[in-house]
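Chemist: Have a peek at target.csv (CSV, N, CA and C atoms).
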```csv
chain,number,residue,atom,x,y,z
U,1,MET,N,-80.2,-216.7,-21.4
U,1,MET,CA,-81.3,-217.0,-22.3
U,1,MET,C,-80.8,-218.0,-23.4
U,2,ARG,N,-81.6,-218.9,-23.8
U,2,ARG,CA,-81.3,-219.9,-24.8
U,2,ARG,C,-82.3,-219.8,-25.9
U,3,GLN,N,-81.9,-220.1,-27.1
U,3,GLN,CA,-82.7,-220.1,-28.3
U,3,GLN,C,-82.2,-221.2,-29.2
U,4,SER,N,-83.1,-221.7,-30.1
U,4,SER,CA,-82.7,-222.8,-31.0
U,4,SER,C,-81.7,-222.3,-32.0
U,5,ASP,N,-81.8,-221.1,-32.5
U,5,ASP,CA,-80.8,-220.6,-33.5
U,5,ASP,C,-80.3,-219.3,-33.0
U,6,PRO,N,-79.0,-219.2,-32.6
U,6,PRO,CA,-78.4,-218.0,-32.1
U,6,PRO,C,-78.6,-216.7,-32.9
U,7,ARG,N,-78.7,-216.9,-34.2
U,7,ARG,CA,-78.9,-215.8,-35.1
U,7,ARG,C,-80.3,-215.1,-34.8
U,8,CYS,N,-81.3,-215.8,-34.4
U,8,CYS,CA,-82.6,-215.2,-34.1
U,8,CYS,C,-82.4,-214.1,-33.0
U,9,LEU,N,-81.8,-214.4,-31.9
U,9,LEU,CA,-81.6,-213.5,-30.8
U,9,LEU,C,-80.7,-212.3,-31.3
U,10,ALA,N,-79.7,-212.6,-32.1
U,10,ALA,CA,-78.8,-211.5,-32.6
U,10,ALA,C,-79.6,-210.5,-33.4
U,11,GLU,N,-80.5,-211.0,-34.3
U,11,GLU,CA,-81.3,-210.1,-35.1
U,11,GLU,C,-82.3,-209.4,-34.3
U,12,LEU,N,-82.9,-210.0,-33.3
U,12,LEU,CA,-83.9,-209.4,-32.5
U,12,LEU,C,-83.4,-208.2,-31.7
U,13,VAL,N,-82.2,-208.4,-31.1
U,13,VAL,CA,-81.7,-207.4,-30.2
U,13,VAL,C,-80.6,-206.5,-30.8
U,14,GLY,N,-80.3,-206.7,-32.1
U,14,GLY,CA,-79.5,-205.8,-32.8
U,14,GLY,C,-78.0,-205.9,-32.6
U,15,THR,N,-77.5,-207.1,-32.6
U,15,THR,CA,-76.0,-207.2,-32.6
U,15,THR,C,-75.4,-207.3,-34.0
U,16,LYS,N,-76.2,-207.3,-35.0
U,16,LYS,CA,-75.7,-207.4,-36.4
U,16,LYS,C,-75.9,-206.1,-37.1
U,17,GLY,N,-74.8,-205.5,-37.5
U,17,GLY,CA,-74.8,-204.3,-38.4
U,17,GLY,C,-75.5,-203.1,-37.8
U,18,GLY,N,-75.4,-202.0,-38.5
U,18,GLY,CA,-76.1,-200.8,-38.1
U,18,GLY,C,-75.5,-200.1,-36.8
U,19,GLY,N,-74.5,-200.6,-36.2
U,19,GLY,CA,-74.0,-200.0,-35.0
U,19,GLY,C,-74.9,-200.1,-33.8
U,20,LEU,N,-75.7,-201.2,-33.7
U,20,LEU,CA,-76.7,-201.2,-32.7
U,20,LEU,C,-76.3,-202.2,-31.5
U,21,ALA,N,-75.0,-202.6,-31.5
U,21,ALA,CA,-74.6,-203.5,-30.4
U,21,ALA,C,-74.8,-203.0,-29.0
U,22,GLN,N,-74.8,-201.6,-28.9
U,22,GLN,CA,-75.0,-201.0,-27.5
U,22,GLN,C,-76.4,-201.3,-27.0
U,23,HIS,N,-77.3,-201.7,-27.9
U,23,HIS,CA,-78.7,-202.0,-27.4
U,23,HIS,C,-78.8,-203.5,-27.0
U,24,TYR,N,-77.8,-204.3,-27.2
U,24,TYR,CA,-77.9,-205.7,-26.9
U,24,TYR,C,-78.3,-206.0,-25.4
U,25,PRO,N,-77.6,-205.3,-24.4
U,25,PRO,CA,-78.0,-205.6,-23.0
U,25,PRO,C,-79.5,-205.3,-22.7
U,26,HIS,N,-80.0,-204.2,-23.3
U,26,HIS,CA,-81.4,-203.8,-23.1
U,26,HIS,C,-82.3,-204.8,-23.7
U,27,GLY,N,-81.9,-205.3,-24.9
U,27,GLY,CA,-82.7,-206.3,-25.5
U,27,GLY,C,-82.8,-207.6,-24.7
U,28,LEU,N,-81.6,-208.0,-24.2
U,28,LEU,CA,-81.6,-209.2,-23.4
U,28,LEU,C,-82.4,-209.0,-22.1
U,29,ASN,N,-82.3,-207.9,-21.5
U,29,ASN,CA,-83.1,-207.6,-20.3
U,29,ASN,C,-84.6,-207.7,-20.6
U,30,PHE,N,-85.0,-207.0,-21.7
U,30,PHE,CA,-86.4,-207.1,-22.1
U,30,PHE,C,-86.9,-208.5,-22.3
U,31,LEU,N,-86.1,-209.3,-23.0
U,31,LEU,CA,-86.5,-210.7,-23.3
U,31,LEU,C,-86.6,-211.5,-22.0
U,32,ASP,N,-85.6,-211.3,-21.1
U,32,ASP,CA,-85.6,-212.0,-19.8
U,32,ASP,C,-86.8,-211.6,-19.0
U,33,CYS,N,-87.2,-210.3,-19.1
U,33,CYS,CA,-88.4,-209.9,-18.3
U,33,CYS,C,-89.7,-210.4,-18.9
U,34,LEU,N,-89.7,-210.7,-20.2
U,34,LEU,CA,-90.9,-211.3,-20.7
U,34,LEU,C,-91.1,-212.7,-20.1
U,35,LYS,N,-90.0,-213.4,-19.9
U,35,LYS,CA,-90.1,-214.7,-19.3
U,35,LYS,C,-90.4,-214.6,-17.8
U,36,SER,N,-89.7,-213.7,-17.1
U,36,SER,CA,-89.8,-213.7,-15.6
U,36,SER,C,-90.9,-212.8,-15.1
U,37,ARG,N,-91.5,-212.0,-15.9
U,37,ARG,CA,-92.5,-211.0,-15.6
U,37,ARG,C,-92.0,-209.9,-14.6
U,38,GLN,N,-90.7,-209.7,-14.6
U,38,GLN,CA,-90.1,-208.7,-13.8
U,38,GLN,C,-90.2,-207.4,-14.6
U,39,LYS,N,-90.0,-206.2,-13.9
U,39,LYS,CA,-90.0,-204.9,-14.6
U,39,LYS,C,-88.6,-204.8,-15.3
U,40,PRO,N,-88.6,-204.4,-16.6
U,40,PRO,CA,-87.3,-204.2,-17.3
U,40,PRO,C,-86.6,-203.0,-16.8
U,41,ASN,N,-85.3,-202.9,-17.1
U,41,ASN,CA,-84.5,-201.7,-16.8
U,41,ASN,C,-85.1,-200.5,-17.4
U,42,SER,N,-85.5,-200.6,-18.7
U,42,SER,CA,-86.1,-199.5,-19.4
U,42,SER,C,-87.6,-199.7,-19.5
U,43,ASP,N,-88.3,-199.5,-18.4
U,43,ASP,CA,-89.8,-199.7,-18.5
U,43,ASP,C,-90.5,-198.5,-19.1
U,44,VAL,N,-91.7,-198.7,-19.5
U,44,VAL,CA,-92.5,-197.7,-20.2
U,44,VAL,C,-92.6,-196.4,-19.4
U,45,GLU,N,-92.9,-196.5,-18.2
U,45,GLU,CA,-93.1,-195.3,-17.3
U,45,GLU,C,-91.9,-194.5,-17.2
U,46,THR,N,-90.7,-195.1,-17.0
U,46,THR,CA,-89.5,-194.4,-16.9
U,46,THR,C,-89.1,-193.8,-18.2
U,47,MET,N,-89.3,-194.5,-19.3
U,47,MET,CA,-88.9,-193.9,-20.6
U,47,MET,C,-89.9,-192.8,-21.0
U,48,HIS,N,-91.2,-192.9,-20.6
U,48,HIS,CA,-92.1,-191.8,-20.9
U,48,HIS,C,-91.7,-190.6,-20.2
U,49,ARG,N,-91.3,-190.7,-18.9
U,49,ARG,CA,-90.9,-189.5,-18.1
U,49,ARG,C,-89.6,-188.9,-18.6
U,50,SER,N,-88.7,-189.8,-19.0
U,50,SER,CA,-87.4,-189.2,-19.5
U,50,SER,C,-87.6,-188.6,-20.9
U,51,THR,N,-88.4,-189.1,-21.7
U,51,THR,CA,-88.7,-188.5,-23.0
U,51,THR,C,-89.5,-187.2,-22.9
U,52,SER,N,-90.4,-187.2,-21.9
U,52,SER,CA,-91.1,-186.0,-21.7
U,52,SER,C,-90.3,-184.7,-21.4
U,53,ALA,N,-89.1,-185.0,-20.7
U,53,ALA,CA,-88.2,-183.8,-20.4
U,53,ALA,C,-87.7,-183.2,-21.7
U,54,GLY,N,-87.3,-184.0,-22.6
U,54,GLY,CA,-86.9,-183.4,-23.9
U,54,GLY,C,-88.0,-182.7,-24.7
U,55,LEU,N,-89.2,-183.3,-24.7
U,55,LEU,CA,-90.3,-182.7,-25.4
U,55,LEU,C,-90.7,-181.4,-24.7
U,56,LEU,N,-90.7,-181.3,-23.4
U,56,LEU,CA,-90.9,-180.0,-22.7
U,56,LEU,C,-89.9,-179.0,-23.1
U,57,GLY,N,-88.7,-179.4,-23.2
U,57,GLY,CA,-87.6,-178.5,-23.7
U,57,GLY,C,-87.9,-177.9,-25.0
U,58,VAL,N,-88.4,-178.8,-25.9
U,58,VAL,CA,-88.7,-178.3,-27.3
U,58,VAL,C,-89.8,-177.3,-27.3
U,59,ILE,N,-90.8,-177.5,-26.5
U,59,ILE,CA,-91.9,-176.6,-26.4
U,59,ILE,C,-91.5,-175.3,-25.8
U,60,ALA,N,-90.7,-175.3,-24.8
U,60,ALA,CA,-90.1,-174.1,-24.2
U,60,ALA,C,-89.3,-173.3,-25.2
U,61,PHE,N,-88.5,-174.1,-25.9
U,61,PHE,CA,-87.6,-173.5,-27.0
U,61,PHE,C,-88.5,-172.8,-28.0
U,62,LYS,N,-89.5,-173.4,-28.5
U,62,LYS,CA,-90.4,-172.9,-29.5
U,62,LYS,C,-91.1,-171.6,-29.0
U,63,LEU,N,-91.5,-171.6,-27.8
U,63,LEU,CA,-92.2,-170.5,-27.2
U,63,LEU,C,-91.3,-169.4,-26.7
U,64,ARG,N,-90.0,-169.7,-26.6
U,64,ARG,CA,-88.9,-168.8,-26.1
U,64,ARG,C,-89.2,-168.2,-24.7
U,65,ARG,N,-89.7,-169.2,-23.8
U,65,ARG,CA,-90.0,-168.7,-22.4
U,65,ARG,C,-90.0,-169.9,-21.5
U,66,LYS,N,-89.9,-169.7,-20.2
U,66,LYS,CA,-90.0,-170.7,-19.2
U,66,LYS,C,-91.5,-171.2,-19.1
U,67,LEU,N,-91.6,-172.4,-18.7
U,67,LEU,CA,-92.9,-173.0,-18.6
U,67,LEU,C,-93.1,-173.7,-17.3
U,68,ALA,N,-94.3,-173.8,-16.8
U,68,ALA,CA,-94.7,-174.6,-15.6
U,68,ALA,C,-95.3,-175.9,-16.1
U,69,TRP,N,-94.9,-177.0,-15.5
U,69,TRP,CA,-95.4,-178.3,-16.0
U,69,TRP,C,-96.0,-179.1,-14.8
U,70,ASP,N,-97.2,-179.6,-14.9
U,70,ASP,CA,-97.9,-180.4,-14.0
U,70,ASP,C,-97.7,-181.9,-14.4
U,71,ALA,N,-96.8,-182.6,-13.8
U,71,ALA,CA,-96.5,-184.0,-14.3
U,71,ALA,C,-97.6,-184.9,-14.1
U,72,GLN,N,-98.4,-184.7,-13.0
U,72,GLN,CA,-99.6,-185.6,-12.8
U,72,GLN,C,-100.6,-185.5,-13.9
U,73,GLN,N,-101.0,-184.2,-14.2
U,73,GLN,CA,-102.0,-184.0,-15.2
U,73,GLN,C,-101.4,-184.0,-16.7
U,74,GLU,N,-100.1,-183.9,-16.8
U,74,GLU,CA,-99.4,-183.8,-18.0
U,74,GLU,C,-99.9,-182.6,-18.8
U,75,GLN,N,-100.0,-181.4,-18.2
U,75,GLN,CA,-100.5,-180.2,-18.8
U,75,GLN,C,-99.6,-179.0,-18.3
U,76,PHE,N,-99.7,-178.0,-19.0
U,76,PHE,CA,-99.1,-176.7,-18.6
U,76,PHE,C,-100.2,-175.9,-18.0
U,77,PRO,N,-100.3,-175.8,-16.7
U,77,PRO,CA,-101.5,-175.1,-16.0
U,77,PRO,C,-101.6,-173.7,-16.5
U,78,GLY,N,-102.8,-173.4,-16.9
U,78,GLY,CA,-103.2,-172.0,-17.3
U,78,GLY,C,-102.4,-171.5,-18.5
U,79,ASP,N,-101.9,-172.4,-19.4
U,79,ASP,CA,-101.1,-172.0,-20.6
U,79,ASP,C,-101.6,-172.7,-21.8
U,80,PRO,N,-102.7,-172.2,-22.4
U,80,PRO,CA,-103.3,-172.9,-23.6
U,80,PRO,C,-102.3,-173.0,-24.8
U,81,GLU,N,-101.5,-171.9,-24.9
U,81,GLU,CA,-100.6,-171.9,-26.0
U,81,GLU,C,-99.6,-173.1,-25.9
U,82,ALA,N,-99.0,-173.3,-24.8
U,82,ALA,CA,-98.1,-174.4,-24.6
U,82,ALA,C,-98.8,-175.8,-24.7
U,83,ASN,N,-100.0,-175.9,-24.1
U,83,ASN,CA,-100.8,-177.1,-24.2
U,83,ASN,C,-101.1,-177.5,-25.7
U,84,ASP,N,-101.3,-176.5,-26.5
U,84,ASP,CA,-101.6,-176.8,-27.9
U,84,ASP,C,-100.4,-177.3,-28.6
U,85,LEU,N,-99.2,-176.9,-28.2
U,85,LEU,CA,-98.0,-177.4,-28.9
U,85,LEU,C,-97.7,-178.8,-28.5
U,86,GLN,N,-98.1,-179.3,-27.4
U,86,GLN,CA,-97.8,-180.7,-27.0
U,86,GLN,C,-98.6,-181.7,-27.7
U,87,ALA,N,-99.6,-181.3,-28.5
U,87,ALA,CA,-100.4,-182.2,-29.3
U,87,ALA,C,-99.7,-182.9,-30.4
U,88,GLY,N,-98.5,-182.5,-30.9
U,88,GLY,CA,-97.8,-183.2,-31.9
U,88,GLY,C,-97.0,-182.2,-32.7
U,89,GLY,N,-96.3,-182.8,-33.7
U,89,GLY,CA,-95.5,-181.9,-34.6
U,89,GLY,C,-94.0,-181.9,-34.3
U,90,ASP,N,-93.6,-182.5,-33.2
U,90,ASP,CA,-92.2,-182.5,-32.8
U,90,ASP,C,-91.8,-183.9,-32.4
U,91,PHE,N,-90.5,-184.2,-32.6
U,91,PHE,CA,-90.0,-185.5,-32.3
U,91,PHE,C,-88.6,-185.3,-31.6
U,92,VAL,N,-88.4,-185.9,-30.5
U,92,VAL,CA,-87.1,-185.9,-29.8
U,92,VAL,C,-86.6,-187.3,-29.7
U,93,ASP,N,-85.4,-187.4,-30.3
U,93,ASP,CA,-84.7,-188.7,-30.3
U,93,ASP,C,-83.6,-188.6,-29.2
U,94,ALA,N,-84.0,-189.0,-27.9
U,94,ALA,CA,-83.1,-188.9,-26.8
U,94,ALA,C,-82.1,-190.1,-26.8
U,95,GLY,N,-80.8,-189.9,-26.8
U,95,GLY,CA,-79.9,-191.0,-26.9
U,95,GLY,C,-79.8,-191.3,-28.4
U,96,ALA,N,-79.7,-190.3,-29.2
U,96,ALA,CA,-79.8,-190.5,-30.7
U,96,ALA,C,-78.6,-191.4,-31.3
U,97,ASN,N,-77.5,-191.3,-30.7
U,97,ASN,CA,-76.3,-192.0,-31.2
U,97,ASN,C,-76.2,-191.8,-32.7
U,98,THR,N,-76.6,-192.7,-33.6
U,98,THR,CA,-76.4,-192.6,-35.0
U,98,THR,C,-77.6,-191.9,-35.7
U,99,GLY,N,-78.7,-191.6,-34.9
U,99,GLY,CA,-79.8,-190.9,-35.4
U,99,GLY,C,-80.7,-191.9,-36.2
U,100,ILE,N,-80.8,-193.1,-35.8
U,100,ILE,CA,-81.5,-194.1,-36.6
U,100,ILE,C,-83.0,-193.8,-36.5
U,101,TYR,N,-83.5,-193.1,-35.5
U,101,TYR,CA,-84.9,-192.8,-35.5
U,101,TYR,C,-85.2,-191.4,-36.0
U,102,SER,N,-84.2,-190.5,-35.9
U,102,SER,CA,-84.4,-189.1,-36.3
U,102,SER,C,-84.7,-188.9,-37.7
U,103,LEU,N,-84.0,-189.6,-38.6
U,103,LEU,CA,-84.3,-189.4,-40.0
U,103,LEU,C,-85.7,-189.9,-40.4
U,104,PRO,N,-86.1,-191.1,-40.0
U,104,PRO,CA,-87.5,-191.5,-40.4
U,104,PRO,C,-88.5,-190.6,-39.7
U,105,ALA,N,-88.2,-189.9,-38.6
U,105,ALA,CA,-89.2,-189.1,-38.0
U,105,ALA,C,-89.5,-187.8,-38.7
U,106,SER,N,-88.6,-187.4,-39.5
U,106,SER,CA,-88.8,-186.1,-40.2
U,106,SER,C,-90.1,-186.0,-41.1
U,107,PRO,N,-90.4,-187.1,-41.8
U,107,PRO,CA,-91.7,-187.0,-42.6
U,107,PRO,C,-92.9,-187.0,-41.7
U,108,TRP,N,-92.8,-187.6,-40.5
U,108,TRP,CA,-93.9,-187.7,-39.6
U,108,TRP,C,-94.3,-186.3,-39.1
U,109,VAL,N,-93.3,-185.5,-38.7
U,109,VAL,CA,-93.6,-184.2,-38.2
U,109,VAL,C,-93.9,-183.2,-39.2
U,110,GLY,N,-93.5,-183.4,-40.5
U,110,GLY,CA,-93.8,-182.5,-41.6
U,110,GLY,C,-93.0,-181.2,-41.5
U,111,PRO,N,-93.2,-180.3,-42.5
U,111,PRO,CA,-92.4,-179.1,-42.6
U,111,PRO,C,-92.6,-178.2,-41.4
U,112,PRO,N,-93.7,-178.0,-40.8
U,112,PRO,CA,-93.8,-177.1,-39.6
U,112,PRO,C,-93.2,-177.7,-38.3
U,113,GLY,N,-93.0,-179.0,-38.3
U,113,GLY,CA,-92.5,-179.7,-37.1
U,113,GLY,C,-91.0,-179.6,-36.9
U,114,MET,N,-90.5,-180.2,-35.9
U,114,MET,CA,-89.0,-180.2,-35.6
U,114,MET,C,-88.6,-181.5,-35.1
U,115,VAL,N,-87.5,-182.0,-35.6
U,115,VAL,CA,-86.8,-183.2,-35.1
U,115,VAL,C,-85.6,-182.8,-34.3
U,116,MET,N,-85.5,-183.2,-33.0
U,116,MET,CA,-84.3,-182.9,-32.2
U,116,MET,C,-83.6,-184.2,-31.8
U,117,ALA,N,-82.4,-184.3,-32.2
U,117,ALA,CA,-81.6,-185.5,-31.8
U,117,ALA,C,-80.6,-185.1,-30.7
U,118,VAL,N,-80.6,-185.8,-29.6
U,118,VAL,CA,-79.8,-185.5,-28.5
U,118,VAL,C,-79.0,-186.7,-28.1
U,119,GLU,N,-77.7,-186.6,-28.0
U,119,GLU,CA,-76.8,-187.7,-27.5
U,119,GLU,C,-75.9,-187.1,-26.4
U,120,ALA,N,-76.0,-187.7,-25.2
U,120,ALA,CA,-75.2,-187.2,-24.1
U,120,ALA,C,-73.9,-187.9,-23.9
```
Represent the supplied structure as structure tokens.
Modeler:
Amino acid sequence: MRQSDPRCLAELVGTKGGGLAQHYPHGLNFLDCLKSRQKPNSDVETMHRSTSAGLLGVIAFKLRRKLAWDAQQEQFPGDPEANDLQAGGDFVDAGANTGIYSLPASPWVGPPGMVMAVEA
């Protein structure tokens, strides 16, 4: 990828400060895909599904029980209590690393909500 000013790309994909250099390859891939119209490595559908797993874990943790999940309908069949909890109030930062999204998320979820930061 070429640009008129190398600093523009560095700022866009996070190679400067904040410990975000690990995101550089994803940023490059995303920008390349804008040009080529190819599917990026971290596409929306894949990221939605991988984030859903963490959110489902939070709901099961809050309810202190196992849950059945219908991925096609994105519902807990026959479980209104669990379905009510998926409406909001929790935030999962999967791949949290330094927690750059976790801290700003806490005001969004409010006092009754929960922020869970996970780094594997």
Chemist: Suppose you want the space between atom CA of U:Asp90 and atom CA of U:Gly54; what is it in Å?
Modeler: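 Pair atom CA of U:Asp90 / atom CA of U:Gly54 returns 10.4 Å.
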Chemist: When you count only C-alpha atoms, which of these residues is closest to U:Pro40: U:Ile59, U:Ala82, U:Leu28, U:Ala105?
Modeler: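 Going through U:Ile59, U:Ala82, U:Leu28, U:Ala105 one by one, the smallest distance to U:Pro40 is for U:Leu28.
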Chemist: Near U:Ser42, counting all atoms listed in the file, which residues have an atom at most 8 Å away, once you skip same-chain residues fewer than 5 positions from it, shown as JSON, numbers by chain?
Modeler: {"U": [26, 29, 30, 47, 48]}
Chemist: Calculate how many Å separate atom N of U:Asn41 from atom C of U:Asp93, rounding to one decimal.
Modeler: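 These two atoms are separated by 18.8 Å.
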Chemist: As a PyMOL selection string, which residues of stretch 18-92 of chain U does DSSP assign to alpha helix (DSSP H)?
Modeler: chain U and resi 24-36+44-63+80-85
Chemist: Hey, what's within 7 Å of U:Met114 if we count all atoms listed in the file and toss same-chain stuff fewer than 6 positions away? As a list of chain:residue names, please?
Modeler: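 Selected residues are U:Gly89, U:Asp90, U:Phe91, U:Val92, U:Ser106.
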